[in-house]
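First the structure, in the form of structure tokens, and then the observations on it.
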Amino acid sequence: MQSGQVKRLALAAGVVALFGAIPGAQPTAYDLLIRNARIVDGTGSPWYRGEIAVRGDAIARIAPRIEGAAARTIDAGGHIVAPGFIDIHTHARRGIFEVPTADNYTRQGVTTLIEGPDGSSPLPIKPFLDRLAAVGITPNFATFVGQGSVRDQIIGSINRKATPDEIEKMRGLVRQGMLDGAFGLSSGLFYVPGTFTPTAEVVELAKVAGSMGGIYISHMRDEASGVLDSVRETIEIGEKGGLPTQVTHHKIIGTANWGKSGDTLRLVEEARVRGVDATIDQYPYTASSTSIQAALMPAWALEGGRQEVLKRLQAPSRRSEIQKETARLIREERGGGDPQNVQLARCEWDPSLAGKRLGDVTKGRGLEVTIDNAADTALWIVERGGCSGIFHAISEEDLQRILRHPATMIGSDGEIPIFGTANPHPRSYGTFVRVLGRYVRDLKVITLEDAVRKMSAFPSQRLGLADRGVLREGMKADIAIFNPDTVRDLATFERPHQYAEGVDYTIVNGQVAFEGGKMTAARPGRVLYGPSARR
Ligand SMILES: [Zn+2]
């Protein structure tokens, strides 16, 4: 036998091995073929008509017309076919092990969730990612390493500067986090213990993340009266740390501060002009959500953990000092000037409080609804175990101005709720489809193509996810298909447990995870590892 014949035979054997040896059968060229699509590719370019073929977990071909057999064909019916959405700010470890399918996100077309924001991440990261990889999840999942978690481990919840030795230890934890697969360093300088951290200390940790290819992303020290200084600080940390820096869930809190987004955006633009890679993310709601204690108590009152907090609240003079500050926070900051603007989300010690307004709870305690009495009620809540809350204190005008900015991407700041339980912020159910329905179609604040860019190519570029976020041959097949005429959010502050509408299909790594209004049995999500992961 000549060598050419040997080669041909070997080739034929390979083909048989690949496609199965059914005589006369056409080999299946593709696993999935999406026809009749209006493709919004993620780059911001206008939509175009085409077909997309998937083989395995990747996009094999995109063309006006694709010939060849496919194991399955989806007729998109002229709807929008976009890259699956990437959520750069989630607290999805709340719920991912209870609901590994992350229905609230998957039903919006979200295919990748990023955890570890606000300075709070699992630590160490590796066991968490190992557990995720073992459990079988629907969306892809990744994490940052949190500055607050790192500081808590080395120094605790204490208001003091770190020693040089402690800084070295913290740098070591950040380095380990990056080696374990983090995508960068997050901070929550508003929260305890982040709030006790001098800027220069954050810079020292940022340098480690930056040298290993990571980004810095920050829930800033102050999103109310001090928001301009906080944006300056975020930019400074990026500049001195030598890494991309991001103002996360950018918003302006408190009626007295409304309108300041004009100035914050100008600061970001000026930074970009001088070469600082500063960007923004945002959720499309005029209310924020965090714990009652973080939002309505001064940071100094939270030092040292719960027992210390309770001790302070039991000492009458300390308590009245705290209550005065709580009243100010209700008047000028997260309270939006009215106790009715504060809504309880989840109270472990009394689930019936979920959804109630602080004014009504104050009344329920037999008190007249004044800001001072509402402050007393807030402290009463903290004493009983605390609650998470929703704070209606953001203006629509600031929201839209930030959304229009080209350096703003979308992130939910959400979690994975247990369906029907508690009264979570609706952003977990609605962020992405709300942008597409309300802000693209109904209000025309941004174009469809720009919205998709803010949810796909932009966050993927920011994170360095080189193989996701754009619909192009060779990229991973993370795909959202939706009807631009009907896509919308249903979740409200009163009735948050309502899934998105208008998404036809969500495809993760080439597998259909959601279709026909139902989750499938597929669990195609993968743990994604950052730029310095040692694996
Ligand atoms: Zn935050």
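Just so we're on the same page: first chain in the structure tokens is A, next is B, and so on; residues restart at 1 for each chain, and ligands are numbered from 1 in the order they show up.
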
Please, which residues have at least one atom within 7 Å of an atom of ligand 1, using only C-alpha atoms and all ligand atoms, listed as a PyMOL selection string?
-> chain A and resi 117-118+188+219+249+413

With N, CA, C and O atoms retained, write the just-selected residues as a CSV table (one decimal), in the first residue's frame.
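part39.csv, written as the output of this step:
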chain,number,residue,atom,x,y,z
A,117,PRO,N,-18.0,41.7,44.2
A,117,PRO,CA,-17.9,43.1,44.1
A,117,PRO,C,-18.0,43.8,45.5
A,117,PRO,O,-18.1,43.0,46.5
A,118,ASP,N,-17.9,45.1,45.6
A,118,ASP,CA,-18.1,45.8,46.8
A,118,ASP,C,-17.1,45.4,47.9
A,118,ASP,O,-17.4,45.6,49.1
A,188,GLY,N,-15.2,48.1,48.6
A,188,GLY,CA,-16.4,48.7,49.1
A,188,GLY,C,-16.0,49.6,50.2
A,188,GLY,O,-16.2,49.4,51.4
A,219,HIS,N,-17.2,50.0,44.8
A,219,HIS,CA,-18.3,50.7,45.4
A,219,HIS,C,-17.6,51.8,46.2
A,219,HIS,O,-17.0,51.5,47.2
A,249,HIS,N,-21.8,50.4,40.0
A,249,HIS,CA,-23.2,50.8,40.2
A,249,HIS,C,-23.2,52.3,40.5
A,249,HIS,O,-23.7,52.8,41.5
A,413,ASP,N,-25.9,44.3,40.1
A,413,ASP,CA,-25.8,44.4,41.6
A,413,ASP,C,-26.8,43.5,42.3
A,413,ASP,O,-27.1,43.6,43.4

Write out as a list of chain:residue names which residues come within 7 Å of Met409 (chain A) when counting only C-alpha atoms, dropping same-chain ones fewer than 4 positions away.
->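 Neighbouring residues, sequence-local ones excluded: A:Ile280, A:Asp281, A:Gln282, A:Lys454, A:Met455, A:Phe458, A:Pro459.
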
Long-range neighbours of Ala533 (chain A) as a ChimeraX atom specification, 10 Å cut-off, only C-alpha atoms, 4 positions minimum in chain | /A:176-183,212,528-529

Those selected residues, please, written with N, CA and C atoms and delivered as a short mmCIF file (atom, residue, chain, number, x, y, z; two decimals), in the first residue's frame.
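Written out: part.cif:
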data_model
loop_
_atom_site.label_atom_id
_atom_site.label_comp_id
_atom_site.auth_asym_id
_atom_site.auth_seq_id
_atom_site.Cartn_x
_atom_site.Cartn_y
_atom_site.Cartn_z
N GLN A 176 -2.67 35.71 46.00
CA GLN A 176 -3.24 34.36 46.00
C GLN A 176 -4.60 34.35 45.31
N GLY A 177 -5.40 35.38 45.56
CA GLY A 177 -6.70 35.48 44.90
C GLY A 177 -6.57 35.52 43.39
N MET A 178 -5.60 36.28 42.92
CA MET A 178 -5.38 36.35 41.47
C MET A 178 -4.89 35.01 40.93
N LEU A 179 -4.02 34.35 41.68
CA LEU A 179 -3.54 33.03 41.25
C LEU A 179 -4.68 32.03 41.24
N ASP A 180 -5.62 32.20 42.14
CA ASP A 180 -6.79 31.30 42.21
C ASP A 180 -7.79 31.58 41.09
N GLY A 181 -7.64 32.72 40.42
CA GLY A 181 -8.51 32.98 39.26
C GLY A 181 -9.35 34.23 39.31
N ALA A 182 -9.09 35.13 40.27
CA ALA A 182 -9.85 36.38 40.32
C ALA A 182 -9.54 37.24 39.10
N PHE A 183 -10.51 38.10 38.75
CA PHE A 183 -10.35 39.00 37.61
C PHE A 183 -9.87 40.39 38.02
N MET A 212 -0.85 41.68 37.82
CA MET A 212 -1.25 40.33 37.41
C MET A 212 -2.39 40.37 36.40
N LEU A 528 -15.10 30.65 35.10
CA LEU A 528 -14.12 31.35 34.28
C LEU A 528 -13.00 31.84 35.19
N TYR A 529 -11.77 31.68 34.72
CA TYR A 529 -10.61 32.01 35.54
C TYR A 529 -9.88 33.22 34.96
#

Please identify all polymer residues within 7 Å of Glu51 (chain A), counting only C-alpha atoms, omitting same-chain residues fewer than 4 positions from it, and present them as a PyMOL selection string.
-> chain A and resi 34-37+62-66

Using only N, CA and C atoms, please write the residues we just selected to a file, as a short mmCIF file (atom, residue, chain, number, x, y, z; two decimals), in the first residue's frame.
data_model
loop_
_atom_site.label_atom_id
_atom_site.label_comp_id
_atom_site.auth_asym_id
_atom_site.auth_seq_id
_atom_site.Cartn_x
_atom_site.Cartn_y
_atom_site.Cartn_z
N ILE A 34 -28.91 28.82 13.80
CA ILE A 34 -29.90 29.85 14.08
C ILE A 34 -30.18 30.61 12.79
N ARG A 35 -31.41 30.48 12.30
CA ARG A 35 -31.78 31.13 11.05
C ARG A 35 -32.67 32.34 11.32
N ASN A 36 -32.81 33.17 10.29
CA ASN A 36 -33.78 34.27 10.34
C ASN A 36 -33.51 35.21 11.52
N ALA A 37 -32.25 35.58 11.65
CA ALA A 37 -31.84 36.39 12.80
C ALA A 37 -31.53 37.83 12.39
N ILE A 62 -20.74 32.42 10.76
CA ILE A 62 -21.81 33.42 10.65
C ILE A 62 -21.81 33.89 9.21
N ALA A 63 -22.97 33.83 8.57
CA ALA A 63 -23.04 34.21 7.15
C ALA A 63 -24.49 34.56 6.82
N PRO A 64 -24.70 35.25 5.69
CA PRO A 64 -26.09 35.56 5.29
C PRO A 64 -26.91 34.28 5.13
N ARG A 65 -26.25 33.22 4.62
CA ARG A 65 -26.95 31.95 4.42
C ARG A 65 -25.96 30.82 4.68
N ILE A 66 -26.31 29.90 5.54
CA ILE A 66 -25.41 28.79 5.85
C ILE A 66 -26.02 27.50 5.35
#

Nearest to Ala522 (chain A): which of A:Thr138, A:Ile80, A:Gly146, A:Ser121 is it, counting only C-alpha atoms?
-> A:Thr138

Using only C-alpha atoms, find each residue in region 396-488 of chain A having at least one atom no more than 8 Å away from region 88-102 of chain A; report its shortest atom-to-atom pair and that distance in Å (one decimal), rows by chain then rising number, as JSON lines.
{"residue": "A:Ile410", "atom": "CA", "partner": "A:Ile88", "partner_atom": "CA", "distance": 7.5}
{"residue": "A:Gly411", "atom": "CA", "partner": "A:His89", "partner_atom": "CA", "distance": 5.0}
{"residue": "A:Ser412", "atom": "CA", "partner": "A:His89", "partner_atom": "CA", "distance": 6.0}
{"residue": "A:Asp413", "atom": "CA", "partner": "A:Thr90", "partner_atom": "CA", "distance": 4.6}
{"residue": "A:Gly414", "atom": "CA", "partner": "A:Thr90", "partner_atom": "CA", "distance": 5.1}
{"residue": "A:Glu415", "atom": "CA", "partner": "A:Ala92", "partner_atom": "CA", "distance": 4.3}
{"residue": "A:Ile416", "atom": "CA", "partner": "A:Gly95", "partner_atom": "CA", "distance": 4.6}
{"residue": "A:Pro417", "atom": "CA", "partner": "A:Gly95", "partner_atom": "CA", "distance": 6.1}
{"residue": "A:Ile418", "atom": "CA", "partner": "A:Gly95", "partner_atom": "CA", "distance": 6.9}
{"residue": "A:Pro459", "atom": "CA", "partner": "A:Ile88", "partner_atom": "CA", "distance": 6.5}

Could you name the residues that touch Asp504 (chain A) at 12 Å or less, counting only C-alpha atoms, but leaving out those on the same chain fewer than 2 positions away, as a PDB file with N, CA and C atoms, in the first residue's frame?
ATOM      1  N   ILE A  74     -32.886  26.520  14.921  1.00  0.00           N
ATOM      2  CA  ILE A  74     -33.781  27.454  15.606  1.00  0.00           C
ATOM      3  C   ILE A  74     -34.137  28.555  14.624  1.00  0.00           C
ATOM      4  N   ASP A  75     -35.420  28.790  14.437  1.00  0.00           N
ATOM      5  CA  ASP A  75     -35.864  29.928  13.637  1.00  0.00           C
ATOM      6  C   ASP A  75     -36.065  31.112  14.585  1.00  0.00           C
ATOM      7  N   ALA A  76     -35.207  32.112  14.469  1.00  0.00           N
ATOM      8  CA  ALA A  76     -35.279  33.261  15.380  1.00  0.00           C
ATOM      9  C   ALA A  76     -36.452  34.174  15.044  1.00  0.00           C
ATOM     10  N   GLY A  77     -37.117  33.907  13.919  1.00  0.00           N
ATOM     11  CA  GLY A  77     -38.320  34.658  13.580  1.00  0.00           C
ATOM     12  C   GLY A  77     -38.076  36.155  13.384  1.00  0.00           C
ATOM     13  N   GLY A  78     -36.877  36.508  12.955  1.00  0.00           N
ATOM     14  CA  GLY A  78     -36.575  37.923  12.741  1.00  0.00           C
ATOM     15  C   GLY A  78     -36.287  38.678  14.026  1.00  0.00           C
ATOM     16  N   HIS A  79     -36.233  37.966  15.140  1.00  0.00           N
ATOM     17  CA  HIS A  79     -35.919  38.620  16.414  1.00  0.00           C
ATOM     18  C   HIS A  79     -34.417  38.907  16.525  1.00  0.00           C
ATOM     19  N   ILE A  80     -34.054  39.541  17.636  1.00  0.00           N
ATOM     20  CA  ILE A  80     -32.658  39.945  17.833  1.00  0.00           C
ATOM     21  C   ILE A  80     -31.843  38.770  18.378  1.00  0.00           C
ATOM     22  N   VAL A  81     -30.710  38.529  17.751  1.00  0.00           N
ATOM     23  CA  VAL A  81     -29.758  37.540  18.255  1.00  0.00           C
ATOM     24  C   VAL A  81     -28.507  38.303  18.689  1.00  0.00           C
ATOM     25  N   ALA A  82     -28.205  38.217  19.978  1.00  0.00           N
ATOM     26  CA  ALA A  82     -27.141  39.031  20.571  1.00  0.00           C
ATOM     27  C   ALA A  82     -26.199  38.134  21.369  1.00  0.00           C
ATOM     28  N   THR A 106     -30.860  33.867  33.844  1.00  0.00           N
ATOM     29  CA  THR A 106     -30.907  33.135  32.577  1.00  0.00           C
ATOM     30  C   THR A 106     -32.113  33.581  31.740  1.00  0.00           C
ATOM     31  N   ARG A 107     -33.220  33.855  32.407  1.00  0.00           N
ATOM     32  CA  ARG A 107     -34.429  34.291  31.695  1.00  0.00           C
ATOM     33  C   ARG A 107     -34.312  35.703  31.129  1.00  0.00           C
ATOM     34  N   GLN A 108     -33.259  36.409  31.511  1.00  0.00           N
ATOM     35  CA  GLN A 108     -32.998  37.727  30.910  1.00  0.00           C
ATOM     36  C   GLN A 108     -31.985  37.663  29.774  1.00  0.00           C
ATOM     37  N   GLY A 109     -31.442  36.468  29.506  1.00  0.00           N
ATOM     38  CA  GLY A 109     -30.400  36.353  28.490  1.00  0.00           C
ATOM     39  C   GLY A 109     -29.001  36.529  29.042  1.00  0.00           C
ATOM     40  N   ILE A 479     -25.313  33.072  23.761  1.00  0.00           N
ATOM     41  CA  ILE A 479     -26.205  33.800  22.858  1.00  0.00           C
ATOM     42  C   ILE A 479     -27.543  34.065  23.528  1.00  0.00           C
ATOM     43  N   ALA A 480     -28.058  35.284  23.346  1.00  0.00           N
ATOM     44  CA  ALA A 480     -29.410  35.627  23.789  1.00  0.00           C
ATOM     45  C   ALA A 480     -30.248  35.966  22.568  1.00  0.00           C
ATOM     46  N   ILE A 481     -31.445  35.394  22.512  1.00  0.00           N
ATOM     47  CA  ILE A 481     -32.379  35.723  21.428  1.00  0.00           C
ATOM     48  C   ILE A 481     -33.625  36.335  22.065  1.00  0.00           C
ATOM     49  N   PHE A 482     -34.000  37.539  21.606  1.00  0.00           N
ATOM     50  CA  PHE A 482     -35.163  38.187  22.229  1.00  0.00           C
ATOM     51  C   PHE A 482     -35.960  38.989  21.213  1.00  0.00           C
ATOM     52  N   ASN A 483     -37.204  39.220  21.567  1.00  0.00           N
ATOM     53  CA  ASN A 483     -38.118  39.998  20.739  1.00  0.00           C
ATOM     54  C   ASN A 483     -38.028  41.466  21.155  1.00  0.00           C
ATOM     55  N   PRO A 484     -37.508  42.326  20.285  1.00  0.00           N
ATOM     56  CA  PRO A 484     -37.294  43.723  20.695  1.00  0.00           C
ATOM     57  C   PRO A 484     -38.604  44.469  20.951  1.00  0.00           C
ATOM     58  N   THR A 486     -41.252  43.134  22.557  1.00  0.00           N
ATOM     59  CA  THR A 486     -41.941  42.705  23.786  1.00  0.00           C
ATOM     60  C   THR A 486     -41.014  42.561  24.990  1.00  0.00           C
ATOM     61  N   VAL A 487     -39.704  42.614  24.759  1.00  0.00           N
ATOM     62  CA  VAL A 487     -38.786  42.368  25.876  1.00  0.00           C
ATOM     63  C   VAL A 487     -39.022  43.417  26.964  1.00  0.00           C
ATOM     64  N   ALA A 500     -38.480  38.010  33.723  1.00  0.00           N
ATOM     65  CA  ALA A 500     -38.440  38.831  32.517  1.00  0.00           C
ATOM     66  C   ALA A 500     -39.360  38.256  31.442  1.00  0.00           C
ATOM     67  N   GLU A 501     -39.775  39.128  30.546  1.00  0.00           N
ATOM     68  CA  GLU A 501     -40.548  38.694  29.380  1.00  0.00           C
ATOM     69  C   GLU A 501     -39.805  39.052  28.096  1.00  0.00           C
ATOM     70  N   GLY A 502     -40.083  38.285  27.052  1.00  0.00           N
ATOM     71  CA  GLY A 502     -39.599  38.654  25.725  1.00  0.00           C
ATOM     72  C   GLY A 502     -38.291  38.003  25.301  1.00  0.00           C
ATOM     73  N   THR A 506     -31.960  31.411  25.648  1.00  0.00           N
ATOM     74  CA  THR A 506     -30.638  31.733  26.202  1.00  0.00           C
ATOM     75  C   THR A 506     -29.751  30.522  25.996  1.00  0.00           C
ATOM     76  N   ILE A 507     -28.624  30.756  25.338  1.00  0.00           N
ATOM     77  CA  ILE A 507     -27.711  29.664  24.981  1.00  0.00           C
ATOM     78  C   ILE A 507     -26.376  29.918  25.671  1.00  0.00           C
ATOM     79  N   VAL A 512     -28.665  25.084  24.773  1.00  0.00           N
ATOM     80  CA  VAL A 512     -29.856  25.880  25.060  1.00  0.00           C
ATOM     81  C   VAL A 512     -30.234  25.684  26.533  1.00  0.00           C
ATOM     82  N   ALA A 513     -30.216  26.777  27.291  1.00  0.00           N
ATOM     83  CA  ALA A 513     -30.517  26.706  28.728  1.00  0.00           C
ATOM     84  C   ALA A 513     -31.923  27.193  29.034  1.00  0.00           C
ATOM     85  N   PHE A 514     -32.490  27.977  28.110  1.00  0.00           N
ATOM     86  CA  PHE A 514     -33.833  28.523  28.318  1.00  0.00           C
ATOM     87  C   PHE A 514     -34.508  28.644  26.960  1.00  0.00           C
ATOM     88  N   GLU A 515     -35.742  28.147  26.855  1.00  0.00           N
ATOM     89  CA  GLU A 515     -36.501  28.297  25.615  1.00  0.00           C
ATOM     90  C   GLU A 515     -37.977  28.064  25.880  1.00  0.00           C
ATOM     91  N   GLY A 516     -38.814  28.688  25.070  1.00  0.00           N
ATOM     92  CA  GLY A 516     -40.250  28.482  25.200  1.00  0.00           C
ATOM     93  C   GLY A 516     -40.775  28.810  26.592  1.00  0.00           C
ATOM     94  N   GLY A 517     -40.141  29.779  27.229  1.00  0.00           N
ATOM     95  CA  GLY A 517     -40.596  30.184  28.560  1.00  0.00           C
ATOM     96  C   GLY A 517     -40.183  29.248  29.675  1.00  0.00           C
ATOM     97  N   LYS A 518     -39.338  28.261  29.353  1.00  0.00           N
ATOM     98  CA  LYS A 518     -38.947  27.282  30.386  1.00  0.00           C
ATOM     99  C   LYS A 518     -37.439  27.089  30.424  1.00  0.00           C
ATOM    100  N   MET A 519     -36.938  26.818  31.617  1.00  0.00           N
ATOM    101  CA  MET A 519     -35.550  26.417  31.758  1.00  0.00           C
ATOM    102  C   MET A 519     -35.434  24.981  31.230  1.00  0.00           C
TER     103      MET A 519
END

Nearest residue to Ala451 (chain A) from the set A:Ala477, A:Val135, A:Ala407, A:Val231 (distances using only C-alpha atoms) | A:Ala407

Might you pull out every residue within 10 Å of Val276 (chain A), with only C-alpha atoms counted and same-chain residues fewer than 5 positions away left off, and present them as JSON, numbers by chain?
-> {"A": [235, 236, 238, 239, 240, 242, 243, 244, 245, 268, 269, 270, 271]}

Measuring atom to atom with only C-alpha atoms, identify which of A:Gln153, A:Asp87, A:Val445, A:Ala133 is nearest to Arg427 (chain A).
->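 Smallest distance to Arg427 (chain A) is found for A:Asp87.
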
Which residue, A:His405, A:Val440, A:Asp31, A:Ala71, has the smallest gap to Asp57 (chain A) when you use only C-alpha atoms?
-> A:Asp31

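Excluding Glu204 (chain A) itself and same-chain residues fewer than 4 positions from it, the residues having an atom within 9 Å of it are Ile167, Glu168, Arg171, Thr199, Ala200, Val208, Lys240 and Gly241 of chain A, counting only C-alpha atoms.
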
Sel. of helix (DSSP H, G or I) residues, region 238-351 of chain A, as a ChimeraX atom specification = /A:238-241,255-257,261-273,292-296,299-302,306-314,316-332,339-341,351

To one decimal place, how far is CA of Gln340 (chain A) from CA of Asp360 (chain A) in Å?
->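 Interatomic distance, CA of Gln340 (chain A) to CA of Asp360 (chain A): 7.4 Å.
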
For the interface of region 207-309 of chain A with region 430-435 of chain A (cut-off 9 Å, counting only C-alpha atoms), please tabulate each contacting residue of region 207-309 of chain A alongside its nearest pair of atoms and their separation in Å to one decimal, rows sorted by chain and increasing number, as a Markdown table.
| residue | atom | partner | partner_atom | distance |
| --- | --- | --- | --- | --- |
| A:Tyr283 | CA | A:Thr431 | CA | 6.2 |
| A:Pro284 | CA | A:Thr431 | CA | 6.2 |
| A:Tyr285 | CA | A:Thr431 | CA | 8.1 |
